[in-house]
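Enquirer: Dropping a structure here in structure tokens format, bear with me for questions.
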2 protein chains.
Amino acid sequence: METNGETLNQLFQALSDPRRLGMVDRLARGPASVKDLAQAGGMGMPSAVKHLKILEAVGLVTSQKAGRVRTFQVRPQALRSIDDWLAGHKRLLEQAFDRLEQLMTEEPEQGPSAP
Amino acid sequence: METNGETLNQLFQALSDPRRLGMVDRLARGPASVKDLAQAGGMGMPSAVKHLKILEAVGLVTSQKAGRVRTFQVRPQALRSIDDWLAGHKRLLEQAFDRLEQLMTEEPEQGPSAP
């Protein structure tokens with residue numbers, strides 16, 4: 001399945017940093033402020049703000065300001081894009097899994113057949 | 001849900017390049033040679049080899065050599081890692097979707113309530 005490659009690879013780019021991945025994991029448990037996220041990730045506020053801007057730019061998180069506190073939350077649509085991409089591959093991958101399981105149960109010690 | 005962050009962000013890093021993402025999409029339809037993948041992606045052989053090495057290093061693809069032709073295929077376990085990560089967030093995200101749908105059907109023009 002071909003999907004919107006441009007957006008997808010931007011999402012993956014944003015998630016390629018372990019600190020940003022950690023922020024998304026944290027936010028999936030509920031909204032949090034920059035301060036919460038900085039503390040949870042063991043980073044300074046400027047660093048947290050920088051990473052949150054990257055996550056927000058690709059649409060992985062959204063934020064709202066109430067008074068002086070900006071609260072972030074995961075944007076479900078972004079994760080759904082990744083899920084849709086995986087779903088397109090899953091049918092084919094399930095076949096691969098079935099073959100693998102068959103091989104593991106039926107032919108524990110046989111070599112591969114000639115091509 | 002916390003997962004193996006190190007591996008996951010490496011997978012996302014590998015998928016953050018549109019050419020590598022295109023290769024995975026192509027390989028999900030079936031195994032292919034370097035030549036096939038280079039042609040499908042509109043890139044030269046050295047570039048294809050470079051990107052395939054990155055995909056293979058993180059375990060997104062595997063390869064076998066038969067004679068002089070090396071054939072690549074997707075490694076389902078890698079996509080399953082991403083799927084497991086999403087699954088951990090999905091329960092929470094489904095609740096968010098439900099709330100969103102409710103808002104869209106019930107309150108088409110109301111502003112947000114005060115925190």
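In the structure tokens, chains take letters A, B, ... by order of appearance, with residues numbered from 1 within each chain and ligands from 1 in the order shown.
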Mind checking DSSP for region 51-101 of chain B and telling me the helix (DSSP H, G or I) residues as a PDB file with N, CA, C and O atoms, in the first residue's frame?
Expert:
ATOM      1  N   HIS B  51      20.937   2.792   1.392  1.00  0.00           N
ATOM      2  CA  HIS B  51      19.686   2.827   2.148  1.00  0.00           C
ATOM      3  C   HIS B  51      19.277   1.436   2.645  1.00  0.00           C
ATOM      4  O   HIS B  51      18.747   1.287   3.739  1.00  0.00           O
ATOM      5  N   LEU B  52      19.541   0.428   1.828  1.00  0.00           N
ATOM      6  CA  LEU B  52      19.207  -0.939   2.242  1.00  0.00           C
ATOM      7  C   LEU B  52      20.060  -1.372   3.430  1.00  0.00           C
ATOM      8  O   LEU B  52      19.588  -2.099   4.315  1.00  0.00           O
ATOM      9  N   LYS B  53      21.306  -0.930   3.446  1.00  0.00           N
ATOM     10  CA  LYS B  53      22.184  -1.250   4.590  1.00  0.00           C
ATOM     11  C   LYS B  53      21.615  -0.659   5.883  1.00  0.00           C
ATOM     12  O   LYS B  53      21.673  -1.286   6.941  1.00  0.00           O
ATOM     13  N   ILE B  54      21.090   0.553   5.789  1.00  0.00           N
ATOM     14  CA  ILE B  54      20.505   1.204   6.970  1.00  0.00           C
ATOM     15  C   ILE B  54      19.265   0.441   7.421  1.00  0.00           C
ATOM     16  O   ILE B  54      19.074   0.186   8.612  1.00  0.00           O
ATOM     17  N   LEU B  55      18.422   0.059   6.459  1.00  0.00           N
ATOM     18  CA  LEU B  55      17.206  -0.701   6.798  1.00  0.00           C
ATOM     19  C   LEU B  55      17.561  -2.057   7.399  1.00  0.00           C
ATOM     20  O   LEU B  55      16.901  -2.532   8.328  1.00  0.00           O
ATOM     21  N   GLU B  56      18.612  -2.680   6.872  1.00  0.00           N
ATOM     22  CA  GLU B  56      19.017  -4.002   7.361  1.00  0.00           C
ATOM     23  C   GLU B  56      19.639  -3.889   8.758  1.00  0.00           C
ATOM     24  O   GLU B  56      19.431  -4.750   9.609  1.00  0.00           O
ATOM     25  N   ALA B  57      20.359  -2.799   8.995  1.00  0.00           N
ATOM     26  CA  ALA B  57      21.033  -2.620  10.291  1.00  0.00           C
ATOM     27  C   ALA B  57      20.036  -2.540  11.448  1.00  0.00           C
ATOM     28  O   ALA B  57      20.311  -3.012  12.543  1.00  0.00           O
ATOM     29  N   PRO B  76       9.044  -8.950   9.218  1.00  0.00           N
ATOM     30  CA  PRO B  76       7.763  -8.638   9.873  1.00  0.00           C
ATOM     31  C   PRO B  76       7.912  -8.246  11.341  1.00  0.00           C
ATOM     32  O   PRO B  76       7.181  -7.398  11.833  1.00  0.00           O
ATOM     33  N   GLN B  77       8.852  -8.850  12.042  1.00  0.00           N
ATOM     34  CA  GLN B  77       9.030  -8.555  13.468  1.00  0.00           C
ATOM     35  C   GLN B  77       9.247  -7.060  13.720  1.00  0.00           C
ATOM     36  O   GLN B  77       8.814  -6.540  14.745  1.00  0.00           O
ATOM     37  N   ALA B  78       9.936  -6.381  12.799  1.00  0.00           N
ATOM     38  CA  ALA B  78      10.216  -4.958  12.993  1.00  0.00           C
ATOM     39  C   ALA B  78       8.921  -4.151  12.949  1.00  0.00           C
ATOM     40  O   ALA B  78       8.689  -3.285  13.791  1.00  0.00           O
ATOM     41  N   LEU B  79       8.086  -4.457  11.959  1.00  0.00           N
ATOM     42  CA  LEU B  79       6.811  -3.734  11.868  1.00  0.00           C
ATOM     43  C   LEU B  79       5.929  -4.080  13.058  1.00  0.00           C
ATOM     44  O   LEU B  79       5.162  -3.259  13.540  1.00  0.00           O
ATOM     45  N   ARG B  80       6.078  -5.313  13.535  1.00  0.00           N
ATOM     46  CA  ARG B  80       5.295  -5.715  14.703  1.00  0.00           C
ATOM     47  C   ARG B  80       5.698  -4.894  15.939  1.00  0.00           C
ATOM     48  O   ARG B  80       4.856  -4.567  16.770  1.00  0.00           O
ATOM     49  N   SER B  81       6.974  -4.552  16.039  1.00  0.00           N
ATOM     50  CA  SER B  81       7.422  -3.707  17.163  1.00  0.00           C
ATOM     51  C   SER B  81       6.687  -2.372  17.157  1.00  0.00           C
ATOM     52  O   SER B  81       6.269  -1.870  18.201  1.00  0.00           O
ATOM     53  N   ILE B  82       6.560  -1.792  15.970  1.00  0.00           N
ATOM     54  CA  ILE B  82       5.855  -0.508  15.853  1.00  0.00           C
ATOM     55  C   ILE B  82       4.381  -0.711  16.190  1.00  0.00           C
ATOM     56  O   ILE B  82       3.766   0.089  16.897  1.00  0.00           O
ATOM     57  N   ASP B  83       3.844  -1.817  15.703  1.00  0.00           N
ATOM     58  CA  ASP B  83       2.435  -2.119  15.962  1.00  0.00           C
ATOM     59  C   ASP B  83       2.176  -2.300  17.458  1.00  0.00           C
ATOM     60  O   ASP B  83       1.171  -1.821  17.985  1.00  0.00           O
ATOM     61  N   ASP B  84       3.084  -2.977  18.130  1.00  0.00           N
ATOM     62  CA  ASP B  84       2.948  -3.172  19.587  1.00  0.00           C
ATOM     63  C   ASP B  84       2.977  -1.832  20.323  1.00  0.00           C
ATOM     64  O   ASP B  84       2.237  -1.625  21.278  1.00  0.00           O
ATOM     65  N   TRP B  85       3.858  -0.957  19.856  1.00  0.00           N
ATOM     66  CA  TRP B  85       3.960   0.371  20.472  1.00  0.00           C
ATOM     67  C   TRP B  85       2.641   1.136  20.303  1.00  0.00           C
ATOM     68  O   TRP B  85       2.103   1.689  21.263  1.00  0.00           O
ATOM     69  N   LEU B  86       2.109   1.103  19.079  1.00  0.00           N
ATOM     70  CA  LEU B  86       0.830   1.777  18.823  1.00  0.00           C
ATOM     71  C   LEU B  86      -0.285   1.161  19.662  1.00  0.00           C
ATOM     72  O   LEU B  86      -1.126   1.871  20.204  1.00  0.00           O
ATOM     73  N   ALA B  87      -0.281  -0.163  19.743  1.00  0.00           N
ATOM     74  CA  ALA B  87      -1.340  -0.864  20.479  1.00  0.00           C
ATOM     75  C   ALA B  87      -1.383  -0.396  21.930  1.00  0.00           C
ATOM     76  O   ALA B  87      -2.454  -0.274  22.519  1.00  0.00           O
ATOM     77  N   GLY B  88      -0.208  -0.125  22.486  1.00  0.00           N
ATOM     78  CA  GLY B  88      -0.144   0.346  23.861  1.00  0.00           C
ATOM     79  C   GLY B  88      -0.809   1.706  24.045  1.00  0.00           C
ATOM     80  O   GLY B  88      -1.252   2.043  25.140  1.00  0.00           O
ATOM     81  N   HIS B  89      -0.853   2.483  22.971  1.00  0.00           N
ATOM     82  CA  HIS B  89      -1.448   3.820  23.054  1.00  0.00           C
ATOM     83  C   HIS B  89      -2.891   3.832  22.585  1.00  0.00           C
ATOM     84  O   HIS B  89      -3.618   4.781  22.829  1.00  0.00           O
ATOM     85  N   LYS B  90      -3.292   2.779  21.911  1.00  0.00           N
ATOM     86  CA  LYS B  90      -4.572   2.837  21.213  1.00  0.00           C
ATOM     87  C   LYS B  90      -5.778   2.921  22.128  1.00  0.00           C
ATOM     88  O   LYS B  90      -6.736   3.615  21.841  1.00  0.00           O
ATOM     89  N   ARG B  91      -5.707   2.212  23.239  1.00  0.00           N
ATOM     90  CA  ARG B  91      -6.841   2.244  24.159  1.00  0.00           C
ATOM     91  C   ARG B  91      -7.139   3.689  24.565  1.00  0.00           C
ATOM     92  O   ARG B  91      -8.264   4.156  24.522  1.00  0.00           O
ATOM     93  N   LEU B  92      -6.071   4.383  24.931  1.00  0.00           N
ATOM     94  CA  LEU B  92      -6.225   5.779  25.341  1.00  0.00           C
ATOM     95  C   LEU B  92      -6.660   6.663  24.184  1.00  0.00           C
ATOM     96  O   LEU B  92      -7.445   7.583  24.346  1.00  0.00           O
ATOM     97  N   LEU B  93      -6.141   6.340  23.015  1.00  0.00           N
ATOM     98  CA  LEU B  93      -6.474   7.164  21.862  1.00  0.00           C
ATOM     99  C   LEU B  93      -7.906   6.937  21.406  1.00  0.00           C
ATOM    100  O   LEU B  93      -8.566   7.842  20.925  1.00  0.00           O
ATOM    101  N   GLU B  94      -8.375   5.722  21.595  1.00  0.00           N
ATOM    102  CA  GLU B  94      -9.760   5.445  21.224  1.00  0.00           C
ATOM    103  C   GLU B  94     -10.714   6.272  22.079  1.00  0.00           C
ATOM    104  O   GLU B  94     -11.728   6.762  21.600  1.00  0.00           O
ATOM    105  N   GLN B  95     -10.362   6.419  23.338  1.00  0.00           N
ATOM    106  CA  GLN B  95     -11.173   7.275  24.205  1.00  0.00           C
ATOM    107  C   GLN B  95     -11.170   8.705  23.660  1.00  0.00           C
ATOM    108  O   GLN B  95     -12.203   9.364  23.615  1.00  0.00           O
ATOM    109  N   ALA B  96     -10.009   9.151  23.213  1.00  0.00           N
ATOM    110  CA  ALA B  96      -9.913  10.501  22.664  1.00  0.00           C
ATOM    111  C   ALA B  96     -10.780  10.636  21.415  1.00  0.00           C
ATOM    112  O   ALA B  96     -11.448  11.641  21.192  1.00  0.00           O
ATOM    113  N   PHE B  97     -10.757   9.587  20.571  1.00  0.00           N
ATOM    114  CA  PHE B  97     -11.589   9.590  19.364  1.00  0.00           C
ATOM    115  C   PHE B  97     -13.070   9.678  19.722  1.00  0.00           C
ATOM    116  O   PHE B  97     -13.829  10.412  19.115  1.00  0.00           O
ATOM    117  N   ASP B  98     -13.448   8.908  20.729  1.00  0.00           N
ATOM    118  CA  ASP B  98     -14.846   8.909  21.160  1.00  0.00           C
ATOM    119  C   ASP B  98     -15.258  10.306  21.598  1.00  0.00           C
ATOM    120  O   ASP B  98     -16.320  10.805  21.230  1.00  0.00           O
ATOM    121  N   ARG B  99     -14.383  10.941  22.386  1.00  0.00           N
ATOM    122  CA  ARG B  99     -14.692  12.298  22.857  1.00  0.00           C
ATOM    123  C   ARG B  99     -14.811  13.256  21.672  1.00  0.00           C
ATOM    124  O   ARG B  99     -15.696  14.080  21.608  1.00  0.00           O
ATOM    125  N   LEU B 100     -13.898  13.103  20.727  1.00  0.00           N
ATOM    126  CA  LEU B 100     -13.892  13.951  19.538  1.00  0.00           C
ATOM    127  C   LEU B 100     -15.191  13.809  18.748  1.00  0.00           C
ATOM    128  O   LEU B 100     -15.810  14.795  18.352  1.00  0.00           O
ATOM    129  N   GLU B 101     -15.578  12.560  18.552  1.00  0.00           N
ATOM    130  CA  GLU B 101     -16.819  12.301  17.807  1.00  0.00           C
ATOM    131  C   GLU B 101     -18.016  12.903  18.516  1.00  0.00           C
ATOM    132  O   GLU B 101     -18.894  13.496  17.902  1.00  0.00           O
TER     133      GLU B 101
END
Enquirer: Considering only C-alpha atoms, return as a list in words whatever protein or nucleic-acid residues lie within 7 Å of Arg75 (chain B), sequence-local ones (same chain, fewer than 2 positions apart) excluded.
Expert: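 Listed by chain and then number, they are Gly59, Leu60, Val61, Thr62, Gln73, Gln77 and Ala78 of chain B.
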Enquirer: Residues at most 12 Å from Gly44 (chain B), counting only C-alpha atoms, excluding those fewer than 6 positions away in the same chain, as an NGL selection string?
Expert: :B and (19 or 34-38 or 50-51)
Enquirer: For the selection just defined, write its residues with N, CA and C atoms to a file, as a PDB file, in the first residue's frame.
Expert:
ATOM      1  N   ARG B  19      12.878   7.754   0.812  1.00  0.00           N
ATOM      2  CA  ARG B  19      13.342   6.696  -0.097  1.00  0.00           C
ATOM      3  C   ARG B  19      13.328   5.337   0.606  1.00  0.00           C
ATOM      4  N   VAL B  34      18.257  -5.578  -5.305  1.00  0.00           N
ATOM      5  CA  VAL B  34      18.752  -4.192  -5.214  1.00  0.00           C
ATOM      6  C   VAL B  34      18.392  -3.434  -6.491  1.00  0.00           C
ATOM      7  N   LYS B  35      18.559  -4.115  -7.619  1.00  0.00           N
ATOM      8  CA  LYS B  35      18.288  -3.482  -8.918  1.00  0.00           C
ATOM      9  C   LYS B  35      16.816  -3.061  -9.017  1.00  0.00           C
ATOM     10  N   ASP B  36      15.923  -3.996  -8.651  1.00  0.00           N
ATOM     11  CA  ASP B  36      14.474  -3.689  -8.648  1.00  0.00           C
ATOM     12  C   ASP B  36      14.194  -2.462  -7.787  1.00  0.00           C
ATOM     13  N   LEU B  37      14.784  -2.470  -6.592  1.00  0.00           N
ATOM     14  CA  LEU B  37      14.499  -1.404  -5.624  1.00  0.00           C
ATOM     15  C   LEU B  37      15.072  -0.067  -6.088  1.00  0.00           C
ATOM     16  N   ALA B  38      16.236  -0.108  -6.706  1.00  0.00           N
ATOM     17  CA  ALA B  38      16.838   1.115  -7.228  1.00  0.00           C
ATOM     18  C   ALA B  38      15.944   1.697  -8.323  1.00  0.00           C
ATOM     19  N   LYS B  50      23.139   1.785  -0.083  1.00  0.00           N
ATOM     20  CA  LYS B  50      23.340   2.540   1.150  1.00  0.00           C
ATOM     21  C   LYS B  50      22.070   2.516   2.018  1.00  0.00           C
ATOM     22  N   HIS B  51      20.937   2.792   1.392  1.00  0.00           N
ATOM     23  CA  HIS B  51      19.686   2.827   2.148  1.00  0.00           C
ATOM     24  C   HIS B  51      19.277   1.436   2.645  1.00  0.00           C
TER      25      HIS B  51
END
Enquirer: As a list of chain:residue names, please: every residue in chain B that a backbone DSSP assignment puts in strand (DSSP E).
Expert: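 Those in chain B that DSSP calls strand (DSSP E) are B:Ala32, B:Ser33, B:Val61, B:Thr62, B:Ser63, B:Gln64, B:Lys65, B:Ala66, B:Val69, B:Arg70, B:Thr71, B:Phe72, B:Gln73, B:Val74.
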Enquirer: Restricted to all heavy atoms, what would the selected residues look like written as a compact mmCIF listing (two decimals), in the first residue's frame?
Expert:
# COMPACT_ATOMS: atom_id res chain seq x y z
N ALA B 32 12.48 -8.31 -3.36
CA ALA B 32 13.01 -7.64 -4.55
C ALA B 32 14.52 -7.55 -4.46
O ALA B 32 15.10 -7.55 -3.37
CB ALA B 32 12.40 -6.24 -4.67
N SER B 33 15.15 -7.45 -5.63
CA SER B 33 16.61 -7.30 -5.69
C SER B 33 16.98 -5.83 -5.53
O SER B 33 16.12 -4.94 -5.62
CB SER B 33 17.12 -7.81 -7.04
OG SER B 33 16.67 -6.95 -8.07
N VAL B 61 14.66 -4.95 7.23
CA VAL B 61 14.71 -5.88 6.10
C VAL B 61 15.80 -6.91 6.34
O VAL B 61 16.71 -6.70 7.16
CB VAL B 61 14.98 -5.14 4.74
CG1 VAL B 61 13.98 -4.02 4.51
CG2 VAL B 61 16.40 -4.61 4.68
N THR B 62 15.67 -8.02 5.65
CA THR B 62 16.73 -9.03 5.63
C THR B 62 17.05 -9.33 4.17
O THR B 62 16.28 -8.97 3.28
CB THR B 62 16.30 -10.34 6.31
OG1 THR B 62 15.09 -10.79 5.69
CG2 THR B 62 16.07 -10.15 7.80
N SER B 63 18.18 -9.96 3.94
CA SER B 63 18.54 -10.28 2.56
C SER B 63 19.19 -11.64 2.46
O SER B 63 19.74 -12.16 3.44
CB SER B 63 19.50 -9.21 2.00
OG SER B 63 20.76 -9.30 2.63
N GLN B 64 19.05 -12.23 1.27
CA GLN B 64 19.71 -13.49 0.97
C GLN B 64 20.39 -13.37 -0.38
O GLN B 64 19.84 -12.74 -1.28
CB GLN B 64 18.69 -14.64 0.89
CG GLN B 64 18.34 -15.26 2.23
CD GLN B 64 16.88 -15.11 2.55
OE1 GLN B 64 16.05 -15.04 1.64
NE2 GLN B 64 16.54 -15.05 3.83
N LYS B 65 21.54 -14.00 -0.49
CA LYS B 65 22.24 -13.97 -1.77
C LYS B 65 22.08 -15.33 -2.44
O LYS B 65 22.33 -16.36 -1.83
CB LYS B 65 23.72 -13.64 -1.55
CG LYS B 65 24.37 -13.03 -2.76
CD LYS B 65 25.70 -12.38 -2.44
CE LYS B 65 26.27 -11.71 -3.69
NZ LYS B 65 27.55 -11.06 -3.41
N ALA B 66 21.63 -15.28 -3.69
CA ALA B 66 21.55 -16.51 -4.49
C ALA B 66 22.33 -16.23 -5.77
O ALA B 66 21.92 -15.39 -6.57
CB ALA B 66 20.10 -16.86 -4.80
N VAL B 69 22.83 -12.48 -7.17
CA VAL B 69 21.71 -11.59 -6.87
C VAL B 69 21.34 -11.62 -5.38
O VAL B 69 21.06 -12.69 -4.83
CB VAL B 69 20.47 -11.95 -7.72
CG1 VAL B 69 19.29 -11.05 -7.36
CG2 VAL B 69 20.80 -11.84 -9.20
N ARG B 70 21.36 -10.46 -4.75
CA ARG B 70 20.93 -10.37 -3.36
C ARG B 70 19.49 -9.91 -3.34
O ARG B 70 19.13 -8.89 -3.93
CB ARG B 70 21.83 -9.38 -2.60
CG ARG B 70 21.49 -9.26 -1.12
CD ARG B 70 22.54 -8.48 -0.34
NE ARG B 70 23.76 -9.22 -0.15
CZ ARG B 70 23.93 -10.15 0.81
NH1 ARG B 70 22.95 -10.43 1.64
NH2 ARG B 70 25.06 -10.79 0.92
N THR B 71 18.64 -10.68 -2.66
CA THR B 71 17.21 -10.37 -2.61
C THR B 71 16.83 -9.92 -1.22
O THR B 71 17.22 -10.54 -0.23
CB THR B 71 16.39 -11.62 -3.02
OG1 THR B 71 16.83 -12.05 -4.31
CG2 THR B 71 14.91 -11.30 -3.07
N PHE B 72 16.07 -8.85 -1.16
CA PHE B 72 15.65 -8.27 0.12
C PHE B 72 14.18 -8.55 0.39
O PHE B 72 13.38 -8.69 -0.53
CB PHE B 72 15.88 -6.75 0.12
CG PHE B 72 17.33 -6.39 0.22
CD1 PHE B 72 18.14 -6.41 -0.92
CD2 PHE B 72 17.89 -6.06 1.43
CE1 PHE B 72 19.49 -6.09 -0.83
CE2 PHE B 72 19.24 -5.75 1.53
CZ PHE B 72 20.03 -5.76 0.40
N GLN B 73 13.86 -8.63 1.68
CA GLN B 73 12.46 -8.74 2.07
C GLN B 73 12.24 -8.05 3.41
O GLN B 73 13.19 -7.84 4.17
CB GLN B 73 12.05 -10.21 2.17
CG GLN B 73 12.94 -11.07 3.03
CD GLN B 73 12.82 -12.55 2.65
OE1 GLN B 73 11.79 -12.96 2.13
NE2 GLN B 73 13.84 -13.32 2.92
N VAL B 74 10.99 -7.66 3.64
CA VAL B 74 10.65 -7.00 4.91
C VAL B 74 10.76 -8.01 6.04
O VAL B 74 10.44 -9.19 5.88
CB VAL B 74 9.22 -6.42 4.87
CG1 VAL B 74 8.82 -5.90 6.25
CG2 VAL B 74 9.14 -5.29 3.87
